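A.B. asks: Following this message is one structure expressed as structure tokens.
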Amino acid sequence: MPLHALFVLLLIVAIKESIWWLVTLMLFTVMKSWSFSIGRLFFLFILSCLFIGMGHLSPEPHDVSSVDILSGKRNGDRIRYEAESNGQSILLTATIAEDETGYERIGYSCHVDTEPLDVRQQSNAGGFDELQFMHTNRYAGKWEVRSFDSCHPTLGYAAEGRRVREAWLKRIEDLLPQKQAFYVEALVFGEDRLMDQVTLERFKKFGLLHAIVISGSHIAFLVFSLLYVLRKIRMTKEKRLDIVLILLPIYGWLTEWSPPVTRAVLVAIILLLGRRFHKPLDPVEVIAGVAAFQLAIQPTVIYDIGFQLTVGLTLFLVLSRRLMGSVRRPWNWLLISAWAQFGTLLFLQGIEQTTVSIWSPLLNLLFGSWIEWVILPGSFLLATLPFLPLSSTFQIAHQYAIQWMDQALQLAEHLPLAMVAVPTFSPIVLTIVVVGTGIAWFIAERRWWGHALPLVLLLTAWGYTEWHVPEQITFLDVGQGDSIVLEKAGETFVVDTGGVYQQTTHPLLRPFDPGSHIVAPFLFTRGEAEIDGLIVTHADHDHVGGLLGLLRQVRVKTIYLGAYDNTDEKRNDLIHSIEATGTHVKFVQKGQTIRPWLHVLAPTGREEEENDRSIILLAQIAKQRVLLTGDAGLAIEDELTIGPIDILKAGHHGSNTSTGEELLQKTNPKIVILSVGRKNRYGHPHPDVLERIGTDRIVFRTDEDGSVTCSSAGCEPMIK
């Protein structure tokens with residue numbers, strides 16, 4: 001097998017990014033590559049020079065008073081711009097005025113009054129890592145725009161392309177329903193600004209996100225369609241190829257040359273040039289070369305899931321050509337899909353939590369084919385709607401094709417093992433799986449069961465990791481709210497789900513939901529797609545706002561609520577929303593036990609205030625006595641009969657109405673956890689509460705320390 005530049009570049013970038021499992025795999029792959037040529041070495045030398053010259057992060061710009069707006073993504077009343085200032089890529093966030101869309105500034109240069117924003121470290125396992133996001137996209141920083149002034153069209157072909165593209169997108173959005181416009185924009189222009197949260201979750205669940213971005217198959221469809229039309233008008237082969245070679249860069253220009261577009265267009269151009277000059281090229285070699293080139297000029301593209309799939313497929317095809325020749329269709333397609341999904345799973349293990357579906361390879365073939373052969377052609381035709389009149393029958397047929405796929409995806413969610421969470425492996429376990437996968441390549445060339453070996457390794461690593469799960473309690477950083485995860489005796493319970501108030505005059509396409517964005521991803525890192533119980537302390541939004549989002553992602557056996565007459569409107573709404581999901585509800589009160597290690601100390605059922613109705617829990621977990629008081633007030637705390645404890649979750653987020661002197665004296669906790677939001681409007685934690693806690697106790701704050709995990713060895717914050 002020849003030595004590919006892609007293998008060497010992946011090895012170098014993996015070392016640079018400290019992705020050690022990938023370093024192990026690439027060392028194995030490079031050693032397996034035994035032959036080389038002067039041409040390959042020269043190509044590798046050129047790529048190495050590009051990597052040294054361009055593969056670095058941009059420094060932070062000193063002045064952000066004048067910016068060029070490159071693109072934007074709106075959500076409700078807020079918009080996030082990608083912009084350029086002093087040659088550096090930056091992020092801008094702004095509030096949209098009532099009479100604007102925010103997109104009208106794309107392709108324009110503006111003077112701005114800005115305020116720098118902090119880039120926070122990852123504060124929850126499995127949660128959004130803003131530092132990594134900035135690094136991946138090579139943004140030099142982010143700023144809040146107080147005001148825009150003196151906007152004028154930016155000079156140059158690139159800016160003109162952005163303005164043309166934006167006008168085209170706006171026309172499509174005016175002419176088509178939102179869901180239909182989303183598919184046209186995503187498949188034709190690579191723009192996902194109309195993607196709603198439910199669609200995002202469904203596609204992510206089955207590993208289908210790559211199917212709704214511009215890929216090699218999209219460009220192939222465009223190329224073959226153009227060649228077919230040009231042939232029908234009796235144009236010579238050379239002229240047909242010349243016209244397509246001219247149009248492809250124009251298409252890249254209109255689609256903003258995003259990484260997947262760049263990759264697909266370059267591959268198509270190189271293959272067409274080979275055909276034009278009667279020198280057929282090996283597609284796999286071309287794909288590998290383009291991927292290596294892209295990696296050299298932008299190393300952080302390694303974190304792009306589309307790039308990962310491309311590389312995974314390329315590596316598999318390069319290393320398994322002899323093997324694939326003996327496998328018949330369609331089994332070879334399914335095999336390729338399965339290996340690509342497995343490779344992406346390994347990569348995500350080194351970056352974040354991940355979920356998988358055993359149906360993913362099959363659904364990628366079925367839904368991927370439906371998108372490629374039905375929805376994609378219709379989307380290209382509908383993209384011409386602003387210029388060419390199309391019959392309403394065609395538009396309706398395209399809409400039905402989208403609806404059928406959405407309905408099929410919804411049904412797929414009810415398949416057995418539709419989604420399972422793979423726990424985060426330790427570096428040693430992940431390395432063993434990677435090495436075993438490399439050995440499986442050798443075996444698979446001679447024995448069919450070599451293909452099953454990676455799956456066996458994955459399941460073994462999964463079982464080992466699950467077996468070694470320690471007892472622990474984790475106080476998640478959900479902002480100004482509560483969410484606590486208890487793990488003991490092979491069971492997992494969640495106490496509250498956090499909540500965020502989002503006031504907006506425009507509908508939110510992708511509302512931030514701590515249940516689906518923070519709690520669920522954390523559970524996935526623990527290998528939990530189903531939990532034993534969810535305890536809702538009371539009905540305030542900062543404790544239940546993420547409940548429905550969590551239930552969309554995670555199965556819950558039982559939800560526990562405090563026992564009342566339930567005539568309060570807020571509680572009634574909460575109970576009805578839970579019952580609508582089909583989840584079992586159980587009411588508990590003082591004196592009951594949820595588990596032998598989890599005791600209910602309140603409520604009695606006679607409390608009048610919602611905060612005082614909080615379920616108060618005493619947990620014996622990881623050799624620690626932990627008291628969770630919800631938002632209960634001082635009077636309720638004073639009624640508690642309880643001895644010394646190890647850990648106290650301060651009541652009501654550090655409000656002066658809770659965590660009284662009497663409670664602190666009779667429990668004498670060694671550690672106090674304050675679950676508070678950064679720069680919250682209530683001023684929590686109150687200075688009086690901090691004074692009552694004193695300096696002799698260890699205090700952790702989720703706004704400063706991120707999530708806090710407590711085990712028998714003590715408590716450890718996420719942010720150190």
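Ordered as shown in the structure tokens, chains take letters A, B, and onward, while each chain numbers its residues from 1 and ligands are numbered from 1 in the order shown.
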Compile the contact shell of Ile243 (chain A) as a list in words: residues with an atom at most 10 Å away, counting only C-alpha atoms, same-chain residues fewer than 5 positions apart removed.

C.D. replies: Leu226, Leu227, Leu230, Glu238 and Leu248 of chain A

A.B. asks: Using N, CA and C atoms, can you write the selected residues to a file as a short mmCIF file (atom, residue, chain, number, x, y, z; two decimals), in the first residue's frame?

C.D. replies:
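Resulting contents of part.cif:
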data_model
loop_
_atom_site.label_atom_id
_atom_site.label_comp_id
_atom_site.auth_asym_id
_atom_site.auth_seq_id
_atom_site.Cartn_x
_atom_site.Cartn_y
_atom_site.Cartn_z
N LEU A 226 -25.62 18.77 -15.10
CA LEU A 226 -25.16 19.74 -16.09
C LEU A 226 -24.64 19.04 -17.35
N LEU A 227 -23.85 18.00 -17.16
CA LEU A 227 -23.32 17.27 -18.32
C LEU A 227 -24.45 16.66 -19.15
N LEU A 230 -26.22 19.52 -21.10
CA LEU A 230 -25.35 20.01 -22.18
C LEU A 230 -25.22 18.98 -23.31
N GLU A 238 -15.66 18.02 -24.87
CA GLU A 238 -14.68 18.97 -24.33
C GLU A 238 -15.34 20.25 -23.86
N LEU A 248 -18.29 25.35 -11.63
CA LEU A 248 -18.04 24.83 -10.28
C LEU A 248 -17.44 25.87 -9.34
#

A.B. asks: Set the distance at 10 Å and use only C-alpha atoms: which residues neighbour Lys666 (chain A) once local chain neighbours fewer than 6 positions away are removed? I'd like the list as a list in words.

C.D. replies: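 These residues fall inside the cut-off: Asp638, Leu640, Thr641, Ile642, Gly643, Pro644 and Ile645 of chain A.
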
A.B. asks: Can you write out the residues you just picked, keeping C-alpha atoms, as a PDB file, in the first residue's frame?

C.D. replies:
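Full text of result_15.pdb as output:
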ATOM      1  CA  ASP A 638     -35.629  25.158  61.170  1.00  0.00           C
ATOM      2  CA  LEU A 640     -35.786  19.732  59.987  1.00  0.00           C
ATOM      3  CA  THR A 641     -34.582  17.070  62.410  1.00  0.00           C
ATOM      4  CA  ILE A 642     -31.175  16.134  61.123  1.00  0.00           C
ATOM      5  CA  GLY A 643     -27.687  15.555  62.431  1.00  0.00           C
ATOM      6  CA  PRO A 644     -24.274  16.409  60.986  1.00  0.00           C
ATOM      7  CA  ILE A 645     -23.771  16.130  57.240  1.00  0.00           C
TER       8      ILE A 645
END

A.B. asks: Which of these, A:Gly630, A:Pro596, A:Gly582, A:Gly72, has the shortest distance to Val536 (chain A) once you count only C-alpha atoms?

C.D. replies: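 Checking each candidate against Val536 (chain A), we get A:Gly630 as the closest.
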
A.B. asks: Can you check which residues of region 95-239 of chain A DSSP gives as helix (DSSP H, G or I) on the backbone and send them as a PyMOL selection string?

C.D. replies: chain A and resi 103-105+130-137+157-175+178-189+197-205+209-212+216-232+237-239

A.B. asks: Take the residues just selected and output them with C-alpha atoms as a compact mmCIF listing (two decimals), in the first residue's frame.

C.D. replies:
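Produced file out.txt, reproduced below:
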# COMPACT_ATOMS: atom_id res chain seq x y z
CA TYR A 103 -29.14 39.47 7.60
CA GLU A 104 -29.20 42.71 5.61
CA ARG A 105 -25.72 43.55 6.96
CA GLU A 130 -16.71 27.40 23.83
CA LEU A 131 -12.92 27.44 23.95
CA GLN A 132 -12.79 24.43 21.61
CA PHE A 133 -15.41 26.03 19.34
CA MET A 134 -13.34 29.20 19.03
CA HIS A 135 -10.20 27.15 18.42
CA THR A 136 -11.84 24.93 15.81
CA ASN A 137 -13.13 27.89 13.80
CA TYR A 157 -15.92 39.65 -5.46
CA ALA A 158 -16.26 37.71 -2.20
CA ALA A 159 -18.45 40.39 -0.62
CA GLU A 160 -20.48 40.71 -3.81
CA GLY A 161 -21.06 36.95 -3.69
CA ARG A 162 -22.32 37.25 -0.10
CA ARG A 163 -24.81 39.95 -1.07
CA VAL A 164 -26.04 37.97 -4.08
CA ARG A 165 -26.33 34.84 -1.95
CA GLU A 166 -28.24 36.67 0.79
CA ALA A 167 -30.71 38.19 -1.67
CA TRP A 168 -31.24 34.72 -3.16
CA LEU A 169 -31.81 33.15 0.27
CA LYS A 170 -34.25 35.87 1.30
CA ARG A 171 -36.27 35.33 -1.87
CA ILE A 172 -36.43 31.57 -1.21
CA GLU A 173 -37.55 32.20 2.38
CA ASP A 174 -40.28 34.56 1.12
CA LEU A 175 -41.58 32.06 -1.45
CA GLN A 178 -39.92 27.48 6.48
CA LYS A 179 -39.20 23.73 6.57
CA GLN A 180 -39.03 23.49 2.79
CA ALA A 181 -36.83 26.59 2.58
CA PHE A 182 -34.49 25.03 5.14
CA TYR A 183 -33.85 21.95 2.98
CA VAL A 184 -33.31 24.05 -0.16
CA GLU A 185 -30.89 26.37 1.63
CA ALA A 186 -29.03 23.54 3.37
CA LEU A 187 -28.67 21.25 0.36
CA VAL A 188 -28.01 23.89 -2.30
CA PHE A 189 -26.28 26.71 -0.41
CA GLN A 197 -34.18 22.18 17.41
CA VAL A 198 -36.29 19.04 16.86
CA THR A 199 -34.88 18.44 13.36
CA LEU A 200 -31.35 18.98 14.67
CA GLU A 201 -31.85 16.46 17.48
CA ARG A 202 -33.33 13.80 15.16
CA PHE A 203 -30.59 14.06 12.55
CA LYS A 204 -27.90 14.07 15.23
CA LYS A 205 -29.43 11.04 16.95
CA LEU A 209 -26.25 15.58 9.95
CA HIS A 210 -23.75 15.05 7.14
CA ALA A 211 -26.64 14.23 4.77
CA ILE A 212 -28.03 17.76 4.90
CA GLY A 216 -19.34 15.08 -2.71
CA SER A 217 -22.58 13.38 -3.71
CA HIS A 218 -24.32 16.78 -3.99
CA ILE A 219 -21.61 18.10 -6.27
CA ALA A 220 -21.69 14.83 -8.26
CA PHE A 221 -25.44 15.28 -8.81
CA LEU A 222 -24.89 18.85 -9.99
CA VAL A 223 -22.04 17.83 -12.34
CA PHE A 224 -23.90 14.89 -13.90
CA SER A 225 -27.06 16.97 -14.30
CA LEU A 226 -25.16 19.74 -16.09
CA LEU A 227 -23.32 17.27 -18.32
CA TYR A 228 -26.62 15.56 -19.19
CA VAL A 229 -28.33 18.82 -20.14
CA LEU A 230 -25.35 20.01 -22.18
CA ARG A 231 -25.19 16.67 -23.98
CA LYS A 232 -28.88 16.94 -24.89
CA LYS A 237 -17.56 16.51 -24.70
CA GLU A 238 -14.68 18.97 -24.33
CA LYS A 239 -16.99 21.99 -24.25

A.B. asks: Please run DSSP on the backbone and report, as a ChimeraX atom specification, all residues within region 45-199 of chain A that come out as strand (DSSP E).

C.D. replies: /A:66-75,78-85,88-95,108-117,142-153

A.B. asks: If we count only C-alpha atoms, what is near Gly515 (chain A) at a cut-off of 8 Å, once residues fewer than 3 positions away on the same chain are taken out, given as a JSON list (two decimals) with C-alpha atoms, in the first residue's frame?

C.D. replies:
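Output below, filename result.json:
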[["chain", "number", "residue", "atom", "x", "y", "z"],
["A", 497, "THR", "CA", -33.37, 20.19, 35.35],
["A", 498, "GLY", "CA", -32.56, 23.89, 35.49],
["A", 499, "GLY", "CA", -34.33, 26.48, 33.37],
["A", 518, "ILE", "CA", -26.53, 20.28, 29.60],
["A", 519, "VAL", "CA", -28.20, 17.52, 31.65],
["A", 520, "ALA", "CA", -28.73, 15.01, 28.82],
["A", 545, "GLY", "CA", -37.56, 24.61, 32.64],
["A", 546, "GLY", "CA", -35.37, 21.89, 31.13],
["A", 547, "LEU", "CA", -37.71, 19.00, 31.96],
["A", 548, "LEU", "CA", -39.35, 18.51, 28.57],
["A", 549, "GLY", "CA", -36.03, 18.97, 26.77],
["A", 550, "LEU", "CA", -34.52, 16.24, 28.94],
["A", 551, "LEU", "CA", -37.48, 13.92, 28.32]]

A.B. asks: Tell me, as a PDB file with N, CA and C atoms, in the first residue's frame, which residues lie within 9 Å of Trp20 (chain A), counting only C-alpha atoms; anything in the same chain fewer than 4 positions away does not count.

C.D. replies:
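In the end it all went to out12.pdb:
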ATOM      1  N   ALA A  14      -2.697  15.394  14.665  1.00  0.00           N
ATOM      2  CA  ALA A  14      -3.108  14.702  15.892  1.00  0.00           C
ATOM      3  C   ALA A  14      -2.125  14.993  17.023  1.00  0.00           C
ATOM      4  N   ILE A  15      -0.823  15.026  16.706  1.00  0.00           N
ATOM      5  CA  ILE A  15       0.182  15.369  17.719  1.00  0.00           C
ATOM      6  C   ILE A  15      -0.007  16.819  18.165  1.00  0.00           C
ATOM      7  N   THR A  24      -1.870   7.154  17.752  1.00  0.00           N
ATOM      8  CA  THR A  24      -1.623   5.705  17.752  1.00  0.00           C
ATOM      9  C   THR A  24      -2.079   5.066  16.443  1.00  0.00           C
ATOM     10  N   LEU A  25      -3.284   5.428  16.004  1.00  0.00           N
ATOM     11  CA  LEU A  25      -3.830   4.843  14.777  1.00  0.00           C
ATOM     12  C   LEU A  25      -3.014   5.248  13.551  1.00  0.00           C
ATOM     13  N   GLY A 350     -12.878  11.109  21.773  1.00  0.00           N
ATOM     14  CA  GLY A 350     -11.754  11.906  22.251  1.00  0.00           C
ATOM     15  C   GLY A 350     -12.087  13.365  22.443  1.00  0.00           C
ATOM     16  N   PRO A 427      -8.426   7.262  28.484  1.00  0.00           N
ATOM     17  CA  PRO A 427      -7.438   7.248  27.383  1.00  0.00           C
ATOM     18  C   PRO A 427      -6.850   5.866  27.126  1.00  0.00           C
ATOM     19  N   THR A 431      -7.309   3.803  23.642  1.00  0.00           N
ATOM     20  CA  THR A 431      -6.126   3.389  22.878  1.00  0.00           C
ATOM     21  C   THR A 431      -6.180   1.903  22.547  1.00  0.00           C
TER      22      THR A 431
END

A.B. asks: Find the residues of region 62-130 of chain A that sit at most 12 Å from region 677-682 of chain A; for each, write down the nearest two atoms and how far apart they are in Å, to one decimal. Count only C-alpha atoms. Sort by chain, then by number going up, and give it as a tab-separated table.

C.D. replies:
residue	atom	partner	partner_atom	distance
A:Asp118	CA	A:Arg678	CA	11.6
A:Arg120	CA	A:Arg678	CA	11.0
A:Ser123	CA	A:Arg678	CA	11.9

A.B. asks: Rank nothing, just name the residue among A:His4, A:Lys142, A:Arg555, A:Arg78 nearest to Leu417 (chain A), using only C-alpha atoms.

C.D. replies: A:Arg555

A.B. asks: Within 8 Å of Arg692 (chain A), counting only C-alpha atoms, which residues show up once you throw out same-chain ones fewer than 3 positions away? Write them as JSON, numbers by chain, please.

C.D. replies: {"A": [660, 661, 664, 688, 689]}

A.B. asks: Go through A:Ile52, A:Ile46, A:Val478, A:Ile90 one by one, measure the shortest atom-to-atom distance of each to Trp143 (chain A) using only C-alpha atoms, and give the residue with the smallest value.

C.D. replies: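 Among the listed residues, A:Ile90 lies closest to Trp143 (chain A).
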